[in-house]
>>> print(open('my_file_17.pdb').read())   # PDB, C-alpha atoms
ATOM      1  CA  MET H  11      -2.217  20.110  24.393
ATOM      2  CA  THR H  12      -3.673  17.065  22.672
ATOM      3  CA  ALA H  13      -2.130  15.394  19.643
ATOM      4  CA  ALA H  14      -5.076  16.415  17.490
ATOM      5  CA  THR H  15      -4.229  20.095  18.033
ATOM      6  CA  HIS H  16      -1.006  19.575  16.063
ATOM      7  CA  VAL H  17      -2.734  18.504  12.865
ATOM      8  CA  GLN H  18      -1.559  20.494   9.873
ATOM      9  CA  PRO H  19      -4.525  20.184   7.498
ATOM     10  CA  THR H  20      -3.834  19.848   3.798
ATOM     11  CA  PRO H  21      -5.282  22.863   1.930
ATOM     12  CA  PRO H  22      -8.352  22.075  -0.159
ATOM     13  CA  ALA H  23      -7.258  20.564  -3.455
ATOM     14  CA  THR H  24      -8.513  21.755  -6.779
ATOM     15  CA  GLY H  25      -7.400  18.615  -8.628
ATOM     16  CA  PRO H  26      -9.215  15.334  -9.275
ATOM     17  CA  GLU H  27     -11.746  13.985  -6.818
ATOM     18  CA  PRO H  28     -10.372  11.545  -4.216
ATOM     19  CA  ILE H  29     -10.474   7.876  -5.065
ATOM     20  CA  LEU H  30     -10.142   6.878  -1.394
ATOM     21  CA  GLN H  31     -11.826   8.710   1.455
ATOM     22  CA  VAL H  32     -11.247   7.544   5.028
ATOM     23  CA  THR H  33     -13.247   9.409   7.659
ATOM     24  CA  GLY H  34     -13.066   9.083  11.433
ATOM     25  CA  LEU H  35     -11.620   5.576  11.346
ATOM     26  CA  THR H  36     -11.232   4.217  14.873
ATOM     27  CA  ARG H  37     -10.253   0.859  16.343
ATOM     28  CA  ARG H  38      -9.898  -0.036  20.010
ATOM     29  CA  PHE H  39      -8.387  -3.173  21.481
ATOM     30  CA  GLY H  40      -9.523  -3.314  25.075
ATOM     31  CA  GLY H  41      -8.293  -0.112  26.706
ATOM     32  CA  LEU H  42      -5.930   0.698  23.823
ATOM     33  CA  THR H  43      -7.003   2.917  20.935
ATOM     34  CA  ALA H  44      -4.858   1.676  18.059
ATOM     35  CA  VAL H  45      -6.368   4.014  15.452
ATOM     36  CA  ASP H  46      -7.987   7.186  16.726
ATOM     37  CA  HIS H  47     -10.443   9.011  14.424
ATOM     38  CA  VAL H  48      -8.108   9.052  11.420
ATOM     39  CA  ASP H  49      -9.038  10.886   8.227
ATOM     40  CA  LEU H  50      -7.149  10.081   5.024
ATOM     41  CA  THR H  51      -7.772  11.322   1.500
ATOM     42  CA  VAL H  52      -6.028   9.830  -1.550
ATOM     43  CA  ARG H  53      -6.238  11.357  -5.018
ATOM     44  CA  PRO H  54      -5.449   9.680  -8.339
ATOM     45  CA  ASP H  55      -1.853   9.434  -9.569
ATOM     46  CA  THR H  56      -0.343  10.384  -6.203
ATOM     47  CA  VAL H  57       1.855   8.801  -3.544
ATOM     48  CA  ARG H  58       0.283   9.277  -0.109
ATOM     49  CA  ALA H  59       2.633   8.236   2.685
ATOM     50  CA  VAL H  60       1.677   7.213   6.218
ATOM     51  CA  ILE H  61       4.562   7.295   8.675
ATOM     52  CA  GLY H  62       5.087   7.177  12.417
ATOM     53  CA  PRO H  63       7.073   5.405  15.133
ATOM     54  CA  ASN H  64       6.603   1.727  15.939
ATOM     55  CA  GLY H  65       3.174   1.090  17.408
ATOM     56  CA  ALA H  66       1.679   4.219  15.843
ATOM     57  CA  GLY H  67      -1.182   2.260  14.233
ATOM     58  CA  LYS H  68      -0.002   2.325  10.615
ATOM     59  CA  THR H  69      -0.538  -1.341   9.732
ATOM     60  CA  THR H  70      -3.780  -1.411  11.706
ATOM     61  CA  LEU H  71      -4.963   1.472   9.529
ATOM     62  CA  LEU H  72      -4.331  -0.589   6.381
ATOM     63  CA  ASP H  73      -6.007  -3.604   7.974
ATOM     64  CA  LEU H  74      -9.084  -1.482   8.664
ATOM     65  CA  ILE H  75      -9.186  -0.058   5.142
ATOM     66  CA  THR H  76      -8.925  -3.524   3.579
ATOM     67  CA  GLY H  77     -11.315  -5.343   5.911
ATOM     68  CA  PHE H  78      -8.835  -7.551   7.751
ATOM     69  CA  THR H  79      -9.883  -5.753  10.933
ATOM     70  CA  ARG H  80     -13.297  -4.213  11.544
ATOM     71  CA  PRO H  81     -13.423  -0.605  12.793
ATOM     72  CA  ASP H  82     -15.354   0.546  15.828
ATOM     73  CA  GLU H  83     -16.168   3.818  14.101
ATOM     74  CA  GLY H  84     -15.657   5.541  10.779
ATOM     75  CA  SER H  85     -16.134   4.995   7.068
ATOM     76  CA  VAL H  86     -14.053   4.015   4.043
ATOM     77  CA  THR H  87     -15.149   4.736   0.490
ATOM     78  CA  PHE H  88     -13.242   3.812  -2.659
ATOM     79  CA  LEU H  89     -14.422   5.287  -5.935
ATOM     80  CA  GLY H  90     -17.652   6.129  -4.124
ATOM     81  CA  GLN H  91     -18.203   2.553  -2.917
ATOM     82  CA  ASP H  92     -18.470   1.508   0.733
ATOM     83  CA  VAL H  93     -15.376  -0.659   1.154
ATOM     84  CA  LEU H  94     -16.345  -1.799   4.645
ATOM     85  CA  ALA H  95     -19.326  -3.631   3.177
ATOM     86  CA  LEU H  96     -17.031  -5.841   1.074
ATOM     87  CA  ALA H  97     -15.017  -8.914   2.034
ATOM     88  CA  PRO H  98     -11.224  -8.483   1.623
ATOM     89  CA  HIS H  99     -11.042 -10.976  -1.261
ATOM     90  CA  ARG H 100     -13.416  -8.801  -3.300
ATOM     91  CA  LEU H 101     -11.254  -5.673  -3.142
ATOM     92  CA  PRO H 102      -8.909  -6.585  -6.036
ATOM     93  CA  GLY H 103     -11.980  -6.818  -8.236
ATOM     94  CA  ILE H 104     -12.760  -3.131  -7.670
ATOM     95  CA  GLY H 105      -9.145  -2.042  -8.151
ATOM     96  CA  LEU H 106      -7.767  -1.985  -4.601
ATOM     97  CA  MET H 107      -4.674  -4.116  -3.895
ATOM     98  CA  ARG H 108      -2.271  -4.313  -0.953
ATOM     99  CA  THR H 109       0.982  -5.877   0.141
ATOM    100  CA  PHE H 110       2.086  -6.909   3.629
ATOM    101  CA  GLN H 111       5.111  -6.295   5.838
ATOM    102  CA  SER H 112       6.647  -9.672   5.032
ATOM    103  CA  ALA H 113       6.920 -11.109   1.531
ATOM    104  CA  ARG H 114       4.146 -13.656   0.964
ATOM    105  CA  LEU H 115       5.402 -15.402  -2.148
ATOM    106  CA  VAL H 116       4.527 -19.042  -2.757
ATOM    107  CA  PRO H 117       7.971 -20.627  -2.292
ATOM    108  CA  ARG H 118       7.640 -23.425  -4.857
ATOM    109  CA  LEU H 119       6.149 -21.251  -7.601
ATOM    110  CA  SER H 120       8.368 -19.355 -10.020
ATOM    111  CA  ALA H 121       8.617 -15.581 -10.004
ATOM    112  CA  ARG H 122       6.393 -15.488 -13.106
ATOM    113  CA  GLU H 123       3.777 -17.737 -11.477
ATOM    114  CA  ASN H 124       3.792 -15.654  -8.298
ATOM    115  CA  VAL H 125       3.107 -12.518 -10.314
ATOM    116  CA  MET H 126       0.357 -14.309 -12.255
ATOM    117  CA  LEU H 127      -1.463 -14.948  -8.978
ATOM    118  CA  GLY H 128      -1.977 -11.220  -8.582
ATOM    119  CA  ALA H 129      -4.083 -11.082 -11.740
ATOM    120  CA  HIS H 130      -6.170 -14.198 -11.182
ATOM    121  CA  HIS H 131      -9.248 -12.120 -10.313
ATOM    122  CA  LEU H 132      -9.216 -10.852 -13.903
ATOM    123  CA  THR H 133      -9.961 -14.327 -15.276
ATOM    124  CA  ARG H 134     -13.393 -15.952 -15.711
ATOM    125  CA  SER H 135     -12.518 -19.638 -15.926
ATOM    126  CA  GLY H 136     -13.320 -21.640 -12.816
ATOM    127  CA  PHE H 137     -11.269 -24.331 -11.130
ATOM    128  CA  LEU H 138     -12.946 -27.064 -13.163
ATOM    129  CA  ALA H 139     -12.053 -25.394 -16.464
ATOM    130  CA  ASP H 140      -8.498 -24.866 -15.246
ATOM    131  CA  GLY H 141      -8.213 -28.490 -14.169
ATOM    132  CA  LEU H 142      -9.530 -29.783 -17.484
ATOM    133  CA  ARG H 143      -7.325 -27.364 -19.431
ATOM    134  CA  LEU H 144     -10.252 -26.200 -21.535
ATOM    135  CA  PRO H 145      -9.489 -23.804 -24.428
ATOM    136  CA  ARG H 146     -10.775 -20.720 -22.610
ATOM    137  CA  SER H 147      -8.687 -21.578 -19.577
ATOM    138  CA  ARG H 148      -5.561 -22.065 -21.695
ATOM    139  CA  ARG H 149      -6.099 -18.689 -23.377
ATOM    140  CA  GLU H 150      -6.496 -16.986 -20.031
ATOM    141  CA  GLN H 151      -3.383 -18.641 -18.644
ATOM    142  CA  ARG H 152      -1.373 -17.447 -21.661
ATOM    143  CA  ALA H 153      -2.737 -13.939 -21.138
ATOM    144  CA  LEU H 154      -1.779 -14.064 -17.449
ATOM    145  CA  ALA H 155       1.744 -15.204 -18.337
ATOM    146  CA  GLU H 156       2.095 -12.344 -20.823
ATOM    147  CA  ARG H 157       0.845  -9.868 -18.240
ATOM    148  CA  ALA H 158       3.293 -11.254 -15.678
ATOM    149  CA  ASP H 159       6.195 -10.986 -18.123
ATOM    150  CA  ALA H 160       5.263  -7.363 -18.852
ATOM    151  CA  VAL H 161       5.386  -6.630 -15.116
ATOM    152  CA  LEU H 162       8.717  -8.436 -14.772
ATOM    153  CA  ASP H 163      10.091  -6.383 -17.666
ATOM    154  CA  PHE H 164       8.847  -3.184 -16.031
ATOM    155  CA  LEU H 165      10.618  -4.145 -12.792
ATOM    156  CA  GLU H 166      13.696  -5.373 -14.714
ATOM    157  CA  LEU H 167      13.290  -8.806 -13.127
ATOM    158  CA  ARG H 168      12.703 -10.901 -16.229
ATOM    159  CA  ARG H 169      15.909 -12.851 -15.589
ATOM    160  CA  PHE H 170      14.276 -14.293 -12.458
ATOM    161  CA  ALA H 171      11.084 -15.387 -14.244
ATOM    162  CA  ALA H 172      11.689 -19.126 -13.825
ATOM    163  CA  THR H 173      13.313 -18.929 -10.376
ATOM    164  CA  PRO H 174      11.299 -20.383  -7.470
ATOM    165  CA  GLY H 175      10.167 -17.831  -4.914
ATOM    166  CA  SER H 176      12.186 -19.533  -2.188
ATOM    167  CA  ASP H 177      15.428 -18.980  -4.130
ATOM    168  CA  LEU H 178      14.988 -15.258  -4.783
ATOM    169  CA  PRO H 179      17.084 -12.625  -2.977
ATOM    170  CA  THR H 180      15.253 -10.533  -0.395
ATOM    171  CA  GLY H 181      15.293  -7.414  -2.555
ATOM    172  CA  VAL H 182      13.813  -9.285  -5.497
ATOM    173  CA  GLN H 183      11.114 -10.805  -3.299
ATOM    174  CA  ARG H 184      10.050  -7.361  -2.100
ATOM    175  CA  LEU H 185       9.888  -6.011  -5.660
ATOM    176  CA  LEU H 186       8.014  -9.105  -6.740
ATOM    177  CA  GLU H 187       5.383  -8.461  -4.069
ATOM    178  CA  VAL H 188       4.805  -5.068  -5.651
ATOM    179  CA  GLY H 189       4.803  -6.659  -9.096
ATOM    180  CA  ARG H 190       2.193  -9.225  -8.115
ATOM    181  CA  ALA H 191      -0.091  -6.420  -6.963
ATOM    182  CA  LEU H 192       0.555  -4.444 -10.152
ATOM    183  CA  ALA H 193      -0.416  -7.449 -12.259
ATOM    184  CA  GLY H 194      -3.939  -7.067 -10.932
ATOM    185  CA  ALA H 195      -4.301  -3.640 -12.606
ATOM    186  CA  PRO H 196      -5.042  -1.736  -9.371
ATOM    187  CA  LYS H 197      -6.300   1.825  -9.257
ATOM    188  CA  LEU H 198      -4.956   2.098  -5.709
ATOM    189  CA  LEU H 199      -2.026   0.166  -4.250
ATOM    190  CA  LEU H 200      -1.526  -0.052  -0.475
ATOM    191  CA  LEU H 201       2.076  -0.907   0.420
ATOM    192  CA  ASP H 202       3.130  -1.909   3.941
ATOM    193  CA  GLU H 203       6.866  -1.304   4.428
ATOM    194  CA  PRO H 204       7.978  -2.432   0.949
ATOM    195  CA  ALA H 205      11.583  -1.337   1.620
ATOM    196  CA  ALA H 206      11.985  -3.518   4.723
ATOM    197  CA  GLY H 207      15.228  -5.518   4.446
ATOM    198  CA  LEU H 208      16.476  -3.655   1.373
ATOM    199  CA  ASP H 209      19.901  -2.028   1.121
ATOM    200  CA  GLY H 210      20.419   1.536  -0.047
ATOM    201  CA  THR H 211      20.666   0.699  -3.734
ATOM    202  CA  GLU H 212      17.589  -1.539  -3.640
ATOM    203  CA  THR H 213      15.630   1.128  -1.774
ATOM    204  CA  ARG H 214      16.460   3.737  -4.414
ATOM    205  CA  GLU H 215      15.421   1.312  -7.163
ATOM    206  CA  LEU H 216      12.132   0.659  -5.368
ATOM    207  CA  ALA H 217      11.518   4.386  -4.957
ATOM    208  CA  ALA H 218      11.992   4.903  -8.695
ATOM    209  CA  VAL H 219       9.552   2.062  -9.424
ATOM    210  CA  LEU H 220       6.889   3.486  -7.123
ATOM    211  CA  ARG H 221       7.136   6.954  -8.593
ATOM    212  CA  ALA H 222       6.850   5.465 -12.096
ATOM    213  CA  VAL H 223       3.813   3.470 -10.990
ATOM    214  CA  SER H 224       2.053   6.579  -9.689
ATOM    215  CA  ARG H 225       2.866   8.536 -12.838
ATOM    216  CA  ALA H 226       1.428   5.687 -14.902
ATOM    217  CA  GLY H 227      -1.935   6.135 -13.185
ATOM    218  CA  THR H 228      -1.940   4.010 -10.018
ATOM    219  CA  ALA H 229      -2.337   5.870  -6.739
ATOM    220  CA  ILE H 230      -0.249   4.596  -3.821
ATOM    221  CA  VAL H 231      -0.621   4.620  -0.055
ATOM    222  CA  LEU H 232       2.829   3.919   1.340
ATOM    223  CA  ILE H 233       3.688   2.868   4.885
ATOM    224  CA  GLU H 234       7.433   3.080   5.310
ATOM    225  CA  HIS H 235      10.074   3.605   8.008
ATOM    226  CA  ASP H 236      12.666   4.933   5.566
ATOM    227  CA  VAL H 237      11.833   8.612   5.973
ATOM    228  CA  GLU H 238      14.263   9.764   3.290
ATOM    229  CA  MET H 239      12.587   7.504   0.750
ATOM    230  CA  VAL H 240       9.159   8.742   1.840
ATOM    231  CA  MET H 241      10.107  12.378   1.549
ATOM    232  CA  SER H 242      11.656  11.879  -1.891
ATOM    233  CA  ILE H 243       8.622  10.330  -3.608
ATOM    234  CA  SER H 244       5.505  11.358  -1.664
ATOM    235  CA  ASP H 245       3.056  14.065  -2.630
ATOM    236  CA  ASP H 246       1.624  14.257   0.898
ATOM    237  CA  VAL H 247       2.553  12.661   4.208
ATOM    238  CA  LEU H 248       0.293  11.753   7.111
ATOM    239  CA  VAL H 249       1.998  11.147  10.468
ATOM    240  CA  LEU H 250       0.507   8.926  13.152
ATOM    241  CA  ASP H 251       1.552   8.697  16.782
ATOM    242  CA  ALA H 252      -0.258   6.466  19.281
ATOM    243  CA  GLY H 253      -3.019   5.992  16.715
ATOM    244  CA  ALA H 254      -3.765   9.695  16.201
ATOM    245  CA  VAL H 255      -2.859  12.077  13.392
ATOM    246  CA  VAL H 256      -0.191  14.578  14.489
ATOM    247  CA  ALA H 257       0.603  16.060  11.068
ATOM    248  CA  ASP H 258      -0.669  15.909   7.507
ATOM    249  CA  GLY H 259       0.616  17.822   4.511
ATOM    250  CA  PRO H 260       3.423  18.207   1.961
ATOM    251  CA  PRO H 261       6.721  16.470   2.809
ATOM    252  CA  ALA H 262       8.690  19.660   3.504
ATOM    253  CA  ALA H 263       6.066  20.970   5.940
ATOM    254  CA  VAL H 264       5.752  17.634   7.714
ATOM    255  CA  ARG H 265       9.521  17.231   8.047
ATOM    256  CA  ALA H 266       9.735  20.604   9.826
ATOM    257  CA  ASP H 267       6.698  20.087  12.084
ATOM    258  CA  PRO H 268       7.679  20.072  15.796
ATOM    259  CA  ALA H 269       5.027  17.433  16.526
ATOM    260  CA  VAL H 270       6.683  15.078  14.036
ATOM    261  CA  LEU H 271      10.105  15.656  15.587
ATOM    262  CA  ALA H 272       8.611  14.954  18.999
ATOM    263  CA  ALA H 273       6.979  11.726  17.804
ATOM    264  CA  TYR H 274      10.144  10.391  16.190
ATOM    265  CA  LEU H 275      12.909  11.815  18.351
ATOM    266  CA  GLY H 276      11.233  12.486  21.662
ATOM    267  CA  GLN H 277      12.004  16.192  21.370
ATOM    268  CA  PRO H 278       9.755  18.649  23.223
ATOM    269  CA  ASP H 279       7.051  20.221  21.105
ATOM    270  CA  GLU H 280       7.494  23.961  21.702
ATOM    271  CA  ARG H 281       3.968  24.763  20.532
ATOM    272  CA  GLY H 282       2.554  22.314  23.071
ATOM    273  CA  GLN H 283       4.631  23.824  25.864
ATOM    274  CA  GLU H 284       3.514  27.335  25.007
ATOM    275  CA  ASP H 285      -0.149  26.411  24.948
ATOM    276  CA  SER H 286      -0.170  24.125  27.973
TER     277      SER H 286
END
>>> encode(input="my_file_17.pdb", output="structure tokens")
Amino acid sequence: MTAATHVQPTPPATGPEPILQVTGLTRRFGGLTAVDHVDLTVRPDTVRAVIGPNGAGKTTLLDLITGFTRPDEGSVTFLGQDVLALAPHRLPGIGLMRTFQSARLVPRLSARENVMLGAHHLTRSGFLADGLRLPRSRREQRALAERADAVLDFLELRRFAATPGSDLPTGVQRLLEVGRALAGAPKLLLLDEPAAGLDGTETRELAAVLRAVSRAGTAIVLIEHDVEMVMSISDDVLVLDAGAVVADGPPAAVRADPAVLAAYLGQPDERGQEDS
């Protein structure tokens, strides 16, 4: 029985229209299919998790959605716009932001300045105006600083505002990555393992932040290895194994799916044995 046979389709939703629609996304590297005809729908104000064992194709999926890797097949639309036709640096301007597996803070910049970088696409002053400190540029920089401080307050990190990125604890750096993306006013936030390196308390704090973010109107696609965290905050969970979807649906249904247990724990899939 093929992996695709195990897919548990999400029932048709009667809520808001999707803001992200991924259809048939496929990427091959030589003889390896890293992402195999993946469909993914994300609706407003929801947390949509993507989980799977190491090498399942999760990060490659985000790279394809955000243009860092080109697909061999498939389509990606965000708010009705063809995302694949846009360069990655243009995505923040349409409301799509992402983070990466490792924190990418600028070490010598303060926490506030790092967060300000996430909102730079909202400004109109060019480099020349910034360099000459023209009035418009100064106003925009003040506005960016205020926006950054609001994000730091939301994350309860204001005490680190002046601390260089290189001096921040790991947990703070991970939260700050999320904060930098939030500063850009995204409609959809793609997070790649934001809980990596966090202890239990920090993970719970991050989970609370992400749920608050989604309730405030920003949809989230979350890649995460901490299954308990995923199950506690996600509205729907898509499971990848060897690049293919093996399950997709509400957390409780996905947790009980034999195909998911097989992917994570190597347990036999009884449905596959019966049908083989």
>>> atom_distance(input="my_file_17.pdb", atom1="atom CA of H:Gly105", atom2="atom CA of H:Leu198")
6.4 Å
>>> axis_aligned_box(input="my_file_17.pdb", around="stretch 62-69 of chain H", padding_each_side="3 Å", output="lines of an AutoDock Vina configuration file")
center_x = 2.9
center_y = 2.9
center_z = 13.6
size_x = 14.3
size_y = 14.5
size_z = 13.7
>>> closest_atom_pairs(input="my_file_17.pdb", of="stretch 188-251 of chain H", to="stretch 77-97 of chain H", cutoff="12 Å", atoms="only C-alpha atoms", output="JSON lines")
{"residue": "H:Pro196", "atom": "CA", "partner": "H:Phe88", "partner_atom": "CA", "distance": 12.0}
{"residue": "H:Lys197", "atom": "CA", "partner": "H:Leu89", "partner_atom": "CA", "distance": 9.4}
{"residue": "H:Leu198", "atom": "CA", "partner": "H:Phe88", "partner_atom": "CA", "distance": 9.0}
{"residue": "H:Leu199", "atom": "CA", "partner": "H:Phe88", "partner_atom": "CA", "distance": 11.9}
{"residue": "H:Ala229", "atom": "CA", "partner": "H:Phe88", "partner_atom": "CA", "distance": 11.8}
>>> residues_around(input="my_file_17.pdb", residues="stretch 59-63 of chain H", least_positions_apart="2", cutoff="6 Å", atoms="all atoms listed in the file", output="VMD selection string")
chain H and resid 66 231 to 233 247 to 251 274
>>> write_last_selection(input="my_file_17.pdb", atoms="C-alpha atoms", output="mmCIF file, in the coordinates of the input")
data_model
loop_
_atom_site.group_PDB
_atom_site.id
_atom_site.type_symbol
_atom_site.label_atom_id
_atom_site.label_comp_id
_atom_site.auth_asym_id
_atom_site.auth_seq_id
_atom_site.Cartn_x
_atom_site.Cartn_y
_atom_site.Cartn_z
ATOM 1 C CA ALA H 66 1.679 4.219 15.843
ATOM 2 C CA VAL H 231 -0.621 4.620 -0.055
ATOM 3 C CA LEU H 232 2.829 3.919 1.340
ATOM 4 C CA ILE H 233 3.688 2.868 4.885
ATOM 5 C CA VAL H 247 2.553 12.661 4.208
ATOM 6 C CA LEU H 248 0.293 11.753 7.111
ATOM 7 C CA VAL H 249 1.998 11.147 10.468
ATOM 8 C CA LEU H 250 0.507 8.926 13.152
ATOM 9 C CA ASP H 251 1.552 8.697 16.782
ATOM 10 C CA TYR H 274 10.144 10.391 16.190
#
>>> residues_around(input="my_file_17.pdb", residues="stretch 206-213 of chain H", least_positions_apart="2", cutoff="12 Å", atoms="all atoms listed in the file", output="NGL selection string")
:H and (110-113 or 165 or 179-185 or 201-204 or 215-220 or 233-240 or 242-243)
>>> closest_residue(input="my_file_17.pdb", among="H:Ala155, H:Ala121, H:Ala160, H:Val188", to="H:Ile230", atoms="all atoms listed in the file")
H:Val188
>>> residues_around(input="my_file_17.pdb", residues="H:Arg168", least_positions_apart="4", cutoff="9 Å", atoms="all atoms listed in the file", output="VMD selection string")
chain H and resid 121 to 122 159 to 164 172
>>> closest_residue(input="my_file_17.pdb", among="H:Val125, H:Ile75, H:Ala195, H:Leu119", to="H:Ala158", atoms="only C-alpha atoms")
H:Val125
>>> closest_residue(input="my_file_17.pdb", among="H:Pro174, H:Gly103, H:Pro268, H:Gly194", to="H:Leu115", atoms="only C-alpha atoms")
H:Pro174
>>> closest_residue(input="my_file_17.pdb", among="H:Leu167, H:Met126, H:Ile104, H:Ala262", to="H:Glu150", atoms="all atoms listed in the file")
H:Met126
>>> resolve_selection(input="my_file_17.pdb", expression="the PyMOL selection byres ((chain H and resi 252) around 10)", output="PyMOL selection string")
chain H and resi 13+42-46+62-68+250-251+253-256+273
>>> atom_distance(input="my_file_17.pdb", atom1="atom CA of H:Arg214", atom2="atom CA of H:Glu123")
25.9 Å
>>> resolve_selection(input="my_file_17.pdb", expression="the PyMOL selection byres ((chain H and resi 54) around 8)", output="short mmCIF file (atom, residue, chain, number, x, y, z; two decimals) with C-alpha atoms, in the frame of the given file")
data_model
loop_
_atom_site.label_atom_id
_atom_site.label_comp_id
_atom_site.auth_asym_id
_atom_site.auth_seq_id
_atom_site.Cartn_x
_atom_site.Cartn_y
_atom_site.Cartn_z
CA PRO H 26 -9.22 15.33 -9.28
CA GLU H 27 -11.75 13.98 -6.82
CA PRO H 28 -10.37 11.54 -4.22
CA ILE H 29 -10.47 7.88 -5.07
CA VAL H 52 -6.03 9.83 -1.55
CA ARG H 53 -6.24 11.36 -5.02
CA ASP H 55 -1.85 9.43 -9.57
CA THR H 56 -0.34 10.38 -6.20
CA LYS H 197 -6.30 1.82 -9.26
CA GLY H 227 -1.94 6.14 -13.18
CA THR H 228 -1.94 4.01 -10.02
CA ALA H 229 -2.34 5.87 -6.74
#
